[in-house]
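Chemist: File follows, model_21.txt with compact mmCIF, N, CA, C and O atoms:
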```txt
# COMPACT_ATOMS: atom_id res chain seq x y z
N MET Y 1 -22.00 15.95 -8.98
CA MET Y 1 -21.78 17.25 -9.58
C MET Y 1 -20.56 17.93 -8.93
O MET Y 1 -19.78 18.57 -9.62
N LYS Y 2 -20.43 17.77 -7.60
CA LYS Y 2 -19.29 18.38 -6.90
C LYS Y 2 -17.98 17.75 -7.37
O LYS Y 2 -16.99 18.45 -7.58
N THR Y 3 -17.95 16.46 -7.59
CA THR Y 3 -16.75 15.76 -8.08
C THR Y 3 -16.39 16.25 -9.48
O THR Y 3 -15.21 16.47 -9.79
N PHE Y 4 -17.40 16.42 -10.32
CA PHE Y 4 -17.16 16.91 -11.68
C PHE Y 4 -16.55 18.31 -11.64
O PHE Y 4 -15.61 18.61 -12.39
N SER Y 5 -17.03 19.18 -10.78
CA SER Y 5 -16.50 20.54 -10.67
C SER Y 5 -15.05 20.52 -10.21
O SER Y 5 -14.22 21.28 -10.71
N ILE Y 6 -14.74 19.65 -9.26
CA ILE Y 6 -13.36 19.54 -8.76
C ILE Y 6 -12.44 19.05 -9.88
O ILE Y 6 -11.34 19.57 -10.06
N LEU Y 7 -12.88 18.03 -10.62
CA LEU Y 7 -12.08 17.51 -11.73
C LEU Y 7 -11.85 18.58 -12.80
O LEU Y 7 -10.75 18.69 -13.36
N MET Y 8 -12.87 19.36 -13.10
CA MET Y 8 -12.73 20.44 -14.08
C MET Y 8 -11.73 21.49 -13.58
O MET Y 8 -10.90 21.99 -14.35
N LEU Y 9 -11.79 21.83 -12.31
CA LEU Y 9 -10.88 22.81 -11.73
C LEU Y 9 -9.44 22.31 -11.77
O LEU Y 9 -8.52 23.04 -12.14
N VAL Y 10 -9.23 21.04 -11.41
CA VAL Y 10 -7.89 20.45 -11.45
C VAL Y 10 -7.37 20.41 -12.89
O VAL Y 10 -6.22 20.75 -13.17
N GLY Y 11 -8.22 20.00 -13.82
CA GLY Y 11 -7.82 19.93 -15.23
C GLY Y 11 -7.45 21.30 -15.78
O GLY Y 11 -6.45 21.46 -16.49
N ALA Y 12 -8.23 22.30 -15.44
CA ALA Y 12 -7.94 23.66 -15.90
C ALA Y 12 -6.63 24.16 -15.29
O ALA Y 12 -5.84 24.82 -15.97
N SER Y 13 -6.39 23.83 -14.05
CA SER Y 13 -5.14 24.24 -13.39
C SER Y 13 -3.92 23.62 -14.06
O SER Y 13 -2.90 24.27 -14.27
N VAL Y 14 -4.04 22.34 -14.40
CA VAL Y 14 -2.93 21.65 -15.07
C VAL Y 14 -2.66 22.28 -16.44
O VAL Y 14 -1.51 22.52 -16.81
N LEU Y 15 -3.70 22.56 -17.20
CA LEU Y 15 -3.53 23.18 -18.52
C LEU Y 15 -2.92 24.57 -18.41
O LEU Y 15 -2.02 24.92 -19.18
N MET Y 16 -3.35 25.34 -17.45
CA MET Y 16 -2.81 26.69 -17.29
C MET Y 16 -1.34 26.65 -16.87
O MET Y 16 -0.53 27.42 -17.37
N SER Y 17 -1.00 25.75 -15.98
CA SER Y 17 0.39 25.68 -15.52
C SER Y 17 1.31 25.20 -16.64
O SER Y 17 2.43 25.65 -16.75
N SER Y 18 0.84 24.29 -17.48
CA SER Y 18 1.68 23.83 -18.59
C SER Y 18 1.88 24.94 -19.62
O SER Y 18 2.94 25.05 -20.21
N ASN Y 19 0.87 25.78 -19.83
CA ASN Y 19 1.03 26.92 -20.75
C ASN Y 19 2.00 27.94 -20.20
O ASN Y 19 2.79 28.52 -20.93
N LEU Y 20 1.97 28.19 -18.90
CA LEU Y 20 2.91 29.13 -18.30
C LEU Y 20 4.33 28.60 -18.38
O LEU Y 20 5.27 29.36 -18.58
N TYR Y 21 4.51 27.32 -18.23
CA TYR Y 21 5.84 26.72 -18.31
C TYR Y 21 6.41 26.85 -19.72
O TYR Y 21 7.61 27.01 -19.90
N ALA Y 22 5.56 26.82 -20.73
CA ALA Y 22 6.02 26.88 -22.11
C ALA Y 22 6.46 28.28 -22.55
O ALA Y 22 7.14 28.44 -23.54
N ILE Y 23 6.07 29.31 -21.79
CA ILE Y 23 6.45 30.68 -22.14
C ILE Y 23 7.95 30.85 -21.91
O ILE Y 23 8.47 30.57 -20.84
N THR Y 24 8.66 31.30 -22.93
CA THR Y 24 10.10 31.49 -22.84
C THR Y 24 10.40 32.94 -22.50
O THR Y 24 9.91 33.85 -23.16
N VAL Y 25 11.21 33.13 -21.49
CA VAL Y 25 11.61 34.47 -21.09
C VAL Y 25 12.88 34.83 -21.85
O VAL Y 25 13.86 34.10 -21.84
N LEU Y 26 12.84 35.96 -22.55
CA LEU Y 26 14.00 36.42 -23.30
C LEU Y 26 14.68 37.55 -22.52
O LEU Y 26 14.02 38.37 -21.89
N ASN Y 27 16.00 37.57 -22.59
CA ASN Y 27 16.79 38.60 -21.93
C ASN Y 27 17.19 39.64 -22.96
O ASN Y 27 17.76 39.31 -24.00
N GLY Y 28 16.90 40.89 -22.68
CA GLY Y 28 17.21 41.97 -23.60
C GLY Y 28 18.59 42.56 -23.35
O GLY Y 28 18.92 42.94 -22.23
N TYR Y 29 19.39 42.62 -24.39
CA TYR Y 29 20.73 43.21 -24.34
C TYR Y 29 20.86 44.26 -25.43
O TYR Y 29 20.11 44.26 -26.40
N LYS Y 30 21.83 45.13 -25.27
CA LYS Y 30 22.22 46.06 -26.32
C LYS Y 30 23.73 45.97 -26.44
O LYS Y 30 24.44 45.87 -25.44
N CYS Y 31 24.20 45.95 -27.68
CA CYS Y 31 25.63 45.78 -27.94
C CYS Y 31 26.15 46.94 -28.76
O CYS Y 31 25.54 47.35 -29.75
N TYR Y 32 27.29 47.47 -28.35
CA TYR Y 32 27.99 48.53 -29.07
C TYR Y 32 28.98 47.85 -29.99
O TYR Y 32 29.84 47.09 -29.54
N ALA Y 33 28.83 48.07 -31.29
CA ALA Y 33 29.60 47.30 -32.26
C ALA Y 33 30.21 48.17 -33.35
O ALA Y 33 29.62 49.19 -33.75
N LEU Y 34 31.37 47.74 -33.82
CA LEU Y 34 32.01 48.32 -34.99
C LEU Y 34 31.51 47.55 -36.20
O LEU Y 34 31.58 46.32 -36.23
N LEU Y 35 31.00 48.28 -37.20
CA LEU Y 35 30.46 47.64 -38.39
C LEU Y 35 31.53 47.56 -39.47
O LEU Y 35 32.58 48.20 -39.38
N GLU Y 36 31.26 46.78 -40.50
CA GLU Y 36 32.21 46.60 -41.61
C GLU Y 36 32.58 47.90 -42.31
O GLU Y 36 33.66 48.03 -42.84
N ASN Y 37 31.66 48.86 -42.31
CA ASN Y 37 31.92 50.13 -43.00
C ASN Y 37 32.62 51.15 -42.09
O ASN Y 37 32.60 52.35 -42.35
N ASN Y 38 33.22 50.66 -40.99
CA ASN Y 38 33.97 51.47 -40.03
C ASN Y 38 33.13 52.51 -39.30
O ASN Y 38 33.64 53.57 -38.92
N THR Y 39 31.86 52.24 -39.12
CA THR Y 39 31.00 53.07 -38.27
C THR Y 39 30.60 52.24 -37.06
O THR Y 39 30.74 51.01 -37.05
N PHE Y 40 30.12 52.91 -36.04
CA PHE Y 40 29.68 52.24 -34.83
C PHE Y 40 28.16 52.29 -34.74
O PHE Y 40 27.53 53.22 -35.25
N ALA Y 41 27.58 51.29 -34.09
CA ALA Y 41 26.13 51.23 -33.92
C ALA Y 41 25.80 50.49 -32.63
O ALA Y 41 26.61 49.72 -32.11
N VAL Y 42 24.61 50.75 -32.12
CA VAL Y 42 24.08 50.00 -30.98
C VAL Y 42 23.04 49.03 -31.53
O VAL Y 42 22.11 49.43 -32.23
N ILE Y 43 23.23 47.75 -31.23
CA ILE Y 43 22.36 46.69 -31.75
C ILE Y 43 21.60 46.07 -30.59
O ILE Y 43 22.22 45.63 -29.61
N ASP Y 44 20.28 46.04 -30.68
CA ASP Y 44 19.45 45.39 -29.66
C ASP Y 44 19.28 43.92 -30.01
O ASP Y 44 18.98 43.58 -31.16
N VAL Y 45 19.48 43.05 -29.02
CA VAL Y 45 19.28 41.61 -29.22
C VAL Y 45 18.50 41.04 -28.04
O VAL Y 45 18.55 41.58 -26.94
N GLU Y 46 17.79 39.97 -28.30
CA GLU Y 46 17.08 39.23 -27.25
C GLU Y 46 17.50 37.78 -27.35
O GLU Y 46 17.44 37.18 -28.42
N ILE Y 47 17.94 37.23 -26.22
CA ILE Y 47 18.40 35.85 -26.18
C ILE Y 47 17.79 35.14 -24.98
O ILE Y 47 17.36 35.78 -24.03
N LYS Y 48 17.77 33.82 -25.05
CA LYS Y 48 17.21 33.02 -23.95
C LYS Y 48 18.12 33.01 -22.73
O LYS Y 48 17.67 33.09 -21.61
N GLN Y 49 19.42 32.90 -22.98
CA GLN Y 49 20.37 32.81 -21.88
C GLN Y 49 20.67 34.22 -21.34
O GLN Y 49 20.51 35.21 -22.02
N LYS Y 50 21.16 34.25 -20.12
CA LYS Y 50 21.60 35.51 -19.53
C LYS Y 50 23.12 35.52 -19.63
O LYS Y 50 23.83 35.12 -18.72
N SER Y 51 23.63 35.97 -20.80
CA SER Y 51 25.06 35.90 -21.08
C SER Y 51 25.46 37.00 -22.05
O SER Y 51 24.90 37.11 -23.15
N LYS Y 52 26.42 37.81 -21.64
CA LYS Y 52 26.92 38.88 -22.52
C LYS Y 52 27.63 38.29 -23.73
O LYS Y 52 27.56 38.85 -24.82
N ALA Y 53 28.31 37.17 -23.55
CA ALA Y 53 29.00 36.53 -24.67
C ALA Y 53 27.99 36.04 -25.71
O ALA Y 53 28.20 36.21 -26.92
N LYS Y 54 26.88 35.45 -25.25
CA LYS Y 54 25.84 35.00 -26.19
C LYS Y 54 25.18 36.19 -26.88
O LYS Y 54 24.82 36.12 -28.05
N ALA Y 55 25.05 37.30 -26.15
CA ALA Y 55 24.49 38.52 -26.75
C ALA Y 55 25.40 39.04 -27.85
O ALA Y 55 24.93 39.46 -28.91
N ALA Y 56 26.72 38.99 -27.62
CA ALA Y 56 27.68 39.43 -28.64
C ALA Y 56 27.57 38.54 -29.89
O ALA Y 56 27.58 39.06 -31.02
N HIS Y 57 27.45 37.24 -29.70
CA HIS Y 57 27.30 36.32 -30.84
C HIS Y 57 26.01 36.62 -31.60
O HIS Y 57 25.99 36.58 -32.83
N ALA Y 58 24.94 36.93 -30.87
CA ALA Y 58 23.66 37.25 -31.52
C ALA Y 58 23.76 38.55 -32.31
O ALA Y 58 23.22 38.66 -33.41
N ALA Y 59 24.48 39.54 -31.78
CA ALA Y 59 24.66 40.81 -32.49
C ALA Y 59 25.45 40.61 -33.77
O ALA Y 59 25.12 41.19 -34.82
N ILE Y 60 26.47 39.77 -33.71
CA ILE Y 60 27.27 39.47 -34.90
C ILE Y 60 26.41 38.76 -35.94
O ILE Y 60 26.45 39.09 -37.13
N ALA Y 61 25.61 37.82 -35.51
CA ALA Y 61 24.75 37.07 -36.43
C ALA Y 61 23.67 37.96 -37.05
O ALA Y 61 23.32 37.79 -38.22
N GLU Y 62 23.16 38.90 -36.27
CA GLU Y 62 22.06 39.75 -36.73
C GLU Y 62 22.52 40.87 -37.65
O GLU Y 62 21.84 41.22 -38.61
N GLY Y 63 23.66 41.46 -37.37
CA GLY Y 63 24.13 42.60 -38.14
C GLY Y 63 23.34 43.85 -37.77
O GLY Y 63 22.60 43.87 -36.79
N HIS Y 64 23.48 44.89 -38.58
CA HIS Y 64 22.80 46.15 -38.29
C HIS Y 64 22.33 46.80 -39.58
O HIS Y 64 23.05 46.80 -40.57
N LYS Y 65 21.13 47.36 -39.55
CA LYS Y 65 20.59 48.00 -40.74
C LYS Y 65 19.90 49.30 -40.35
O LYS Y 65 18.97 49.31 -39.53
N TYR Y 66 20.38 50.41 -40.91
CA TYR Y 66 19.69 51.68 -40.76
C TYR Y 66 18.54 51.69 -41.75
O TYR Y 66 18.63 51.09 -42.83
N PRO Y 67 17.45 52.37 -41.44
CA PRO Y 67 16.32 52.42 -42.38
C PRO Y 67 16.75 52.95 -43.74
O PRO Y 67 17.45 53.96 -43.85
N GLY Y 68 16.38 52.24 -44.79
CA GLY Y 68 16.69 52.65 -46.15
C GLY Y 68 18.12 52.35 -46.58
O GLY Y 68 18.53 52.76 -47.65
N LYS Y 69 18.88 51.68 -45.75
CA LYS Y 69 20.28 51.36 -46.06
C LYS Y 69 20.45 49.84 -46.14
O LYS Y 69 19.58 49.08 -45.77
N GLU Y 70 21.62 49.43 -46.63
CA GLU Y 70 21.94 48.00 -46.70
C GLU Y 70 22.32 47.46 -45.32
O GLU Y 70 22.83 48.19 -44.49
N LEU Y 71 22.11 46.18 -45.15
CA LEU Y 71 22.51 45.50 -43.93
C LEU Y 71 24.03 45.53 -43.81
O LEU Y 71 24.74 45.20 -44.76
N GLN Y 72 24.52 45.94 -42.67
CA GLN Y 72 25.95 45.97 -42.41
C GLN Y 72 26.32 44.82 -41.48
O GLN Y 72 25.65 44.59 -40.48
N ARG Y 73 27.39 44.13 -41.82
CA ARG Y 73 27.88 43.06 -40.96
C ARG Y 73 28.69 43.67 -39.83
O ARG Y 73 29.29 44.73 -39.97
N VAL Y 74 28.72 42.98 -38.72
CA VAL Y 74 29.46 43.43 -37.54
C VAL Y 74 30.90 42.96 -37.66
O VAL Y 74 31.16 41.77 -37.84
N ALA Y 75 31.84 43.90 -37.56
CA ALA Y 75 33.26 43.55 -37.60
C ALA Y 75 33.75 43.15 -36.21
O ALA Y 75 34.52 42.20 -36.05
N GLU Y 76 33.25 43.86 -35.18
CA GLU Y 76 33.71 43.59 -33.81
C GLU Y 76 32.70 44.15 -32.82
O GLU Y 76 32.24 45.28 -32.97
N VAL Y 77 32.38 43.39 -31.80
CA VAL Y 77 31.52 43.86 -30.73
C VAL Y 77 32.41 44.44 -29.64
O VAL Y 77 33.30 43.76 -29.13
N GLN Y 78 32.17 45.69 -29.31
CA GLN Y 78 32.97 46.37 -28.29
C GLN Y 78 32.48 46.04 -26.87
O GLN Y 78 33.28 45.77 -26.00
N GLN Y 79 31.14 46.08 -26.68
CA GLN Y 79 30.58 45.83 -25.35
C GLN Y 79 29.11 45.48 -25.47
O GLN Y 79 28.39 46.06 -26.29
N CYS Y 80 28.66 44.56 -24.64
CA CYS Y 80 27.23 44.24 -24.52
C CYS Y 80 26.82 44.43 -23.06
O CYS Y 80 27.55 44.03 -22.15
N VAL Y 81 25.66 45.02 -22.86
CA VAL Y 81 25.11 45.21 -21.52
C VAL Y 81 23.62 44.93 -21.56
O VAL Y 81 23.00 44.94 -22.64
N MET Y 82 23.04 44.69 -20.41
CA MET Y 82 21.58 44.54 -20.32
C MET Y 82 20.96 45.86 -20.77
O MET Y 82 21.56 46.92 -20.62
N ARG Y 83 19.75 45.81 -21.30
CA ARG Y 83 19.12 47.04 -21.82
C ARG Y 83 18.94 48.11 -20.75
O ARG Y 83 18.93 49.29 -21.06
N SER Y 84 18.81 47.72 -19.51
CA SER Y 84 18.61 48.69 -18.43
C SER Y 84 19.92 49.33 -17.96
O SER Y 84 19.89 50.28 -17.18
N GLU Y 85 21.06 48.83 -18.44
CA GLU Y 85 22.36 49.33 -18.01
C GLU Y 85 22.91 50.35 -19.00
O GLU Y 85 22.42 50.48 -20.11
N GLU Y 86 23.97 51.05 -18.58
CA GLU Y 86 24.64 52.03 -19.43
C GLU Y 86 25.95 51.46 -19.96
O GLU Y 86 26.60 50.66 -19.29
N PHE Y 87 26.35 51.89 -21.15
CA PHE Y 87 27.65 51.52 -21.70
C PHE Y 87 28.75 52.29 -20.96
O PHE Y 87 28.52 53.40 -20.47
N SER Y 88 29.94 51.73 -20.94
CA SER Y 88 31.07 52.42 -20.31
C SER Y 88 31.66 53.49 -21.23
O SER Y 88 32.21 54.48 -20.77
N ASP Y 89 31.51 53.32 -22.55
CA ASP Y 89 32.06 54.25 -23.53
C ASP Y 89 31.09 55.42 -23.76
O ASP Y 89 29.89 55.22 -23.95
N ALA Y 90 31.63 56.66 -23.77
CA ALA Y 90 30.79 57.85 -23.94
C ALA Y 90 30.11 57.87 -25.31
O ALA Y 90 28.93 58.24 -25.42
N ASN Y 91 30.82 57.47 -26.37
CA ASN Y 91 30.22 57.44 -27.71
C ASN Y 91 29.09 56.42 -27.77
O ASN Y 91 28.06 56.67 -28.39
N ALA Y 92 29.26 55.30 -27.11
CA ALA Y 92 28.21 54.27 -27.07
C ALA Y 92 26.97 54.79 -26.36
O ALA Y 92 25.85 54.56 -26.81
N ARG Y 93 27.17 55.50 -25.25
CA ARG Y 93 26.03 56.08 -24.52
C ARG Y 93 25.29 57.10 -25.39
O ARG Y 93 24.05 57.15 -25.39
N LYS Y 94 26.05 57.90 -26.16
CA LYS Y 94 25.44 58.89 -27.04
C LYS Y 94 24.61 58.22 -28.13
O LYS Y 94 23.47 58.60 -28.38
N LEU Y 95 25.18 57.19 -28.79
CA LEU Y 95 24.44 56.45 -29.81
C LEU Y 95 23.20 55.77 -29.24
O LEU Y 95 22.15 55.71 -29.88
N ASP Y 96 23.33 55.26 -28.01
CA ASP Y 96 22.21 54.58 -27.36
C ASP Y 96 21.06 55.55 -27.12
O ASP Y 96 19.89 55.21 -27.31
N LYS Y 97 21.37 56.77 -26.71
CA LYS Y 97 20.31 57.77 -26.46
C LYS Y 97 19.63 58.19 -27.76
O LYS Y 97 18.46 58.51 -27.76
N LEU Y 98 20.37 58.17 -28.87
CA LEU Y 98 19.80 58.56 -30.17
C LEU Y 98 19.00 57.45 -30.81
O LEU Y 98 18.20 57.70 -31.71
N LYS Y 99 19.18 56.21 -30.36
CA LYS Y 99 18.52 55.05 -30.97
C LYS Y 99 17.02 55.06 -30.67
O LYS Y 99 16.60 55.24 -29.53
N LEU Y 100 16.23 54.89 -31.72
CA LEU Y 100 14.78 54.79 -31.56
C LEU Y 100 14.41 53.38 -31.14
O LEU Y 100 14.84 52.41 -31.74
N ARG Y 101 13.60 53.27 -30.12
CA ARG Y 101 13.14 51.95 -29.65
C ARG Y 101 11.65 51.99 -29.54
O ARG Y 101 10.99 52.85 -29.24
```
Would you mind writing the file's structure down as structure tokens?
Modeler:
Amino acid sequence: MKTFSILMLVGASVLMSSNLYAITVLNGYKCYALLENNTFAVIDVEIKQKSKAKAAHAAIAEGHKYPGKELQRVAEVQQCVMRSEEFSDANARKLDKLKLR
């Protein structure tokens, strides 16, 4: 009975550790972007890599949509930062504070 309990404990540990390994950690970024309609927006993206360049590519691929409006394509990404950081541009900081999350 003691051997069976040990085997069950080891088996459960292996299953739990493999499930934890499978969890993917996403990195949250926000990008200040110029849209096709010549307006600016802050776009939130989550990517696997920790890379501002990859975040910019994700923002371009995702585009931006205000509620009740058409999807706008990104013309140019001005800056991407981690979600906990501040933008260097004052207008970007203002848009970021107004953004609902």
Chemist: Expressed in Å to a single decimal, how great is the separation between atom CA of Ala41 of chain Y and atom CA of Ala92 of chain Y?
Modeler: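 Calculated distance between atom CA of Ala41 of chain Y and atom CA of Ala92 of chain Y is 7.8 Å.
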Chemist: Could you pull the residues within 5 Å of Gln79 of chain Y, counting all atoms listed in the file, minus those fewer than 6 positions along the same chain, as a compact mmCIF listing (two decimals) with N, CA, C and O atoms, keeping the file's coordinate frame?
Modeler:
```txt
# COMPACT_ATOMS: atom_id res chain seq x y z
N LYS Y 30 21.83 45.13 -25.27
CA LYS Y 30 22.22 46.06 -26.32
C LYS Y 30 23.73 45.97 -26.44
O LYS Y 30 24.44 45.87 -25.44
N CYS Y 31 24.20 45.95 -27.68
CA CYS Y 31 25.63 45.78 -27.94
C CYS Y 31 26.15 46.94 -28.76
O CYS Y 31 25.54 47.35 -29.75
N TYR Y 32 27.29 47.47 -28.35
CA TYR Y 32 27.99 48.53 -29.07
C TYR Y 32 28.98 47.85 -29.99
O TYR Y 32 29.84 47.09 -29.54
```
Chemist: Can you tell me, as a ChimeraX atom specification, what residues are no more than 8 Å from segment 53-62 of chain Y when counting only C-alpha atoms, ignoring any on the same chain fewer than 5 positions away?
Modeler: /Y:29-31,43-47,73-77,79-80
Chemist: My list of candidates is Y:Phe87, Y:Gln49, Y:Leu71, Y:Arg101. Which is closest to Glu36 of chain Y when distances are computed with only N, CA, C and O atoms?
Modeler: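 Between Y:Phe87, Y:Gln49, Y:Leu71, Y:Arg101, the residue approaching Glu36 of chain Y most closely is Y:Leu71.
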Chemist: Between atom CA of Leu35 of chain Y and atom CA of Gly63 of chain Y, what distance in Å does the model show, to one decimal?
Modeler: 8.1 Å
Chemist: Grab the atom CA of Met82 of chain Y to atom CA of Phe40 of chain Y distance for me, in Å with one decimal place.
Modeler: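 Computing the Euclidean distance for atom CA of Met82 of chain Y and atom CA of Phe40 of chain Y yields 18.3 Å.
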Chemist: List every protein, DNA or RNA residue that has an atom no more than 8 Å from (18.3, 51.6, -37.9) in the file's coordinate frame, counting only C-alpha atoms, and report them as a list of chain:residue names.
Modeler: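 Residues with an atom at most 8 Å from (18.3, 51.6, -37.9): Y:His64, Y:Lys65, Y:Tyr66, Y:Pro67, Y:Lys99, Y:Leu100.
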Chemist: Selection from above, N, CA, C and O atoms, as a compact mmCIF listing (two decimals), keeping the file's coordinate frame, can you write it?
Modeler:
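As a result, out.txt now contains:
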```txt
# COMPACT_ATOMS: atom_id res chain seq x y z
N HIS Y 64 23.48 44.89 -38.58
CA HIS Y 64 22.80 46.15 -38.29
C HIS Y 64 22.33 46.80 -39.58
O HIS Y 64 23.05 46.80 -40.57
N LYS Y 65 21.13 47.36 -39.55
CA LYS Y 65 20.59 48.00 -40.74
C LYS Y 65 19.90 49.30 -40.35
O LYS Y 65 18.97 49.31 -39.53
N TYR Y 66 20.38 50.41 -40.91
CA TYR Y 66 19.69 51.68 -40.76
C TYR Y 66 18.54 51.69 -41.75
O TYR Y 66 18.63 51.09 -42.83
N PRO Y 67 17.45 52.37 -41.44
CA PRO Y 67 16.32 52.42 -42.38
C PRO Y 67 16.75 52.95 -43.74
O PRO Y 67 17.45 53.96 -43.85
N LYS Y 99 19.18 56.21 -30.36
CA LYS Y 99 18.52 55.05 -30.97
C LYS Y 99 17.02 55.06 -30.67
O LYS Y 99 16.60 55.24 -29.53
N LEU Y 100 16.23 54.89 -31.72
CA LEU Y 100 14.78 54.79 -31.56
C LEU Y 100 14.41 53.38 -31.14
O LEU Y 100 14.84 52.41 -31.74
```
Chemist: Between Y:Arg83, Y:Lys69, Y:Arg93, Y:Lys50, which residue has the minimum interatomic distance to Val25 of chain Y, considering only C-alpha atoms?
Modeler: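 Of the candidates, the smallest distance to Val25 of chain Y is held by Y:Lys50.
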Chemist: All heavy atoms are needed for segment 94-101 of chain Y; please write them out as a compact mmCIF listing (two decimals), in the coordinates of the input.
Modeler:
```txt
# COMPACT_ATOMS: atom_id res chain seq x y z
N LYS Y 94 26.05 57.90 -26.16
CA LYS Y 94 25.44 58.89 -27.04
C LYS Y 94 24.61 58.22 -28.13
O LYS Y 94 23.47 58.60 -28.38
CB LYS Y 94 26.54 59.75 -27.66
CG LYS Y 94 26.03 60.84 -28.56
CD LYS Y 94 27.19 61.64 -29.13
CE LYS Y 94 26.69 62.64 -30.16
NZ LYS Y 94 27.79 63.38 -30.78
N LEU Y 95 25.18 57.19 -28.79
CA LEU Y 95 24.44 56.45 -29.81
C LEU Y 95 23.20 55.77 -29.24
O LEU Y 95 22.15 55.71 -29.88
CB LEU Y 95 25.34 55.40 -30.47
CG LEU Y 95 26.36 55.91 -31.48
CD1 LEU Y 95 27.26 54.76 -31.93
CD2 LEU Y 95 25.67 56.54 -32.67
N ASP Y 96 23.33 55.26 -28.01
CA ASP Y 96 22.21 54.58 -27.36
C ASP Y 96 21.06 55.55 -27.12
O ASP Y 96 19.89 55.21 -27.31
CB ASP Y 96 22.68 53.94 -26.05
CG ASP Y 96 21.63 53.07 -25.42
OD1 ASP Y 96 20.86 52.40 -26.16
OD2 ASP Y 96 21.57 53.03 -24.18
N LYS Y 97 21.37 56.77 -26.71
CA LYS Y 97 20.31 57.77 -26.46
C LYS Y 97 19.63 58.19 -27.76
O LYS Y 97 18.46 58.51 -27.76
CB LYS Y 97 20.90 58.97 -25.75
CG LYS Y 97 21.21 58.68 -24.31
CD LYS Y 97 21.78 59.88 -23.60
CE LYS Y 97 22.11 59.45 -22.16
NZ LYS Y 97 22.92 60.42 -21.47
N LEU Y 98 20.37 58.17 -28.87
CA LEU Y 98 19.80 58.56 -30.17
C LEU Y 98 19.00 57.45 -30.81
O LEU Y 98 18.20 57.70 -31.71
CB LEU Y 98 20.92 58.99 -31.12
CG LEU Y 98 21.68 60.25 -30.74
CD1 LEU Y 98 22.86 60.46 -31.68
CD2 LEU Y 98 20.76 61.46 -30.74
N LYS Y 99 19.18 56.21 -30.36
CA LYS Y 99 18.52 55.05 -30.97
C LYS Y 99 17.02 55.06 -30.67
O LYS Y 99 16.60 55.24 -29.53
CB LYS Y 99 19.14 53.76 -30.45
CG LYS Y 99 18.56 52.51 -31.12
CD LYS Y 99 19.37 51.31 -30.78
CE LYS Y 99 18.81 50.08 -31.39
NZ LYS Y 99 19.02 49.97 -32.82
N LEU Y 100 16.23 54.89 -31.72
CA LEU Y 100 14.78 54.79 -31.56
C LEU Y 100 14.41 53.38 -31.14
O LEU Y 100 14.84 52.41 -31.74
CB LEU Y 100 14.07 55.15 -32.86
CG LEU Y 100 14.28 56.57 -33.36
CD1 LEU Y 100 13.61 56.74 -34.72
CD2 LEU Y 100 13.76 57.57 -32.38
N ARG Y 101 13.60 53.27 -30.12
CA ARG Y 101 13.14 51.95 -29.65
C ARG Y 101 11.65 51.99 -29.54
O ARG Y 101 10.99 52.85 -29.24
CB ARG Y 101 13.75 51.61 -28.29
CG ARG Y 101 15.22 51.33 -28.40
CD ARG Y 101 15.74 50.72 -27.09
NE ARG Y 101 17.08 50.26 -27.25
CZ ARG Y 101 18.16 51.02 -27.02
NH1 ARG Y 101 18.03 52.24 -26.63
NH2 ARG Y 101 19.35 50.53 -27.21
```
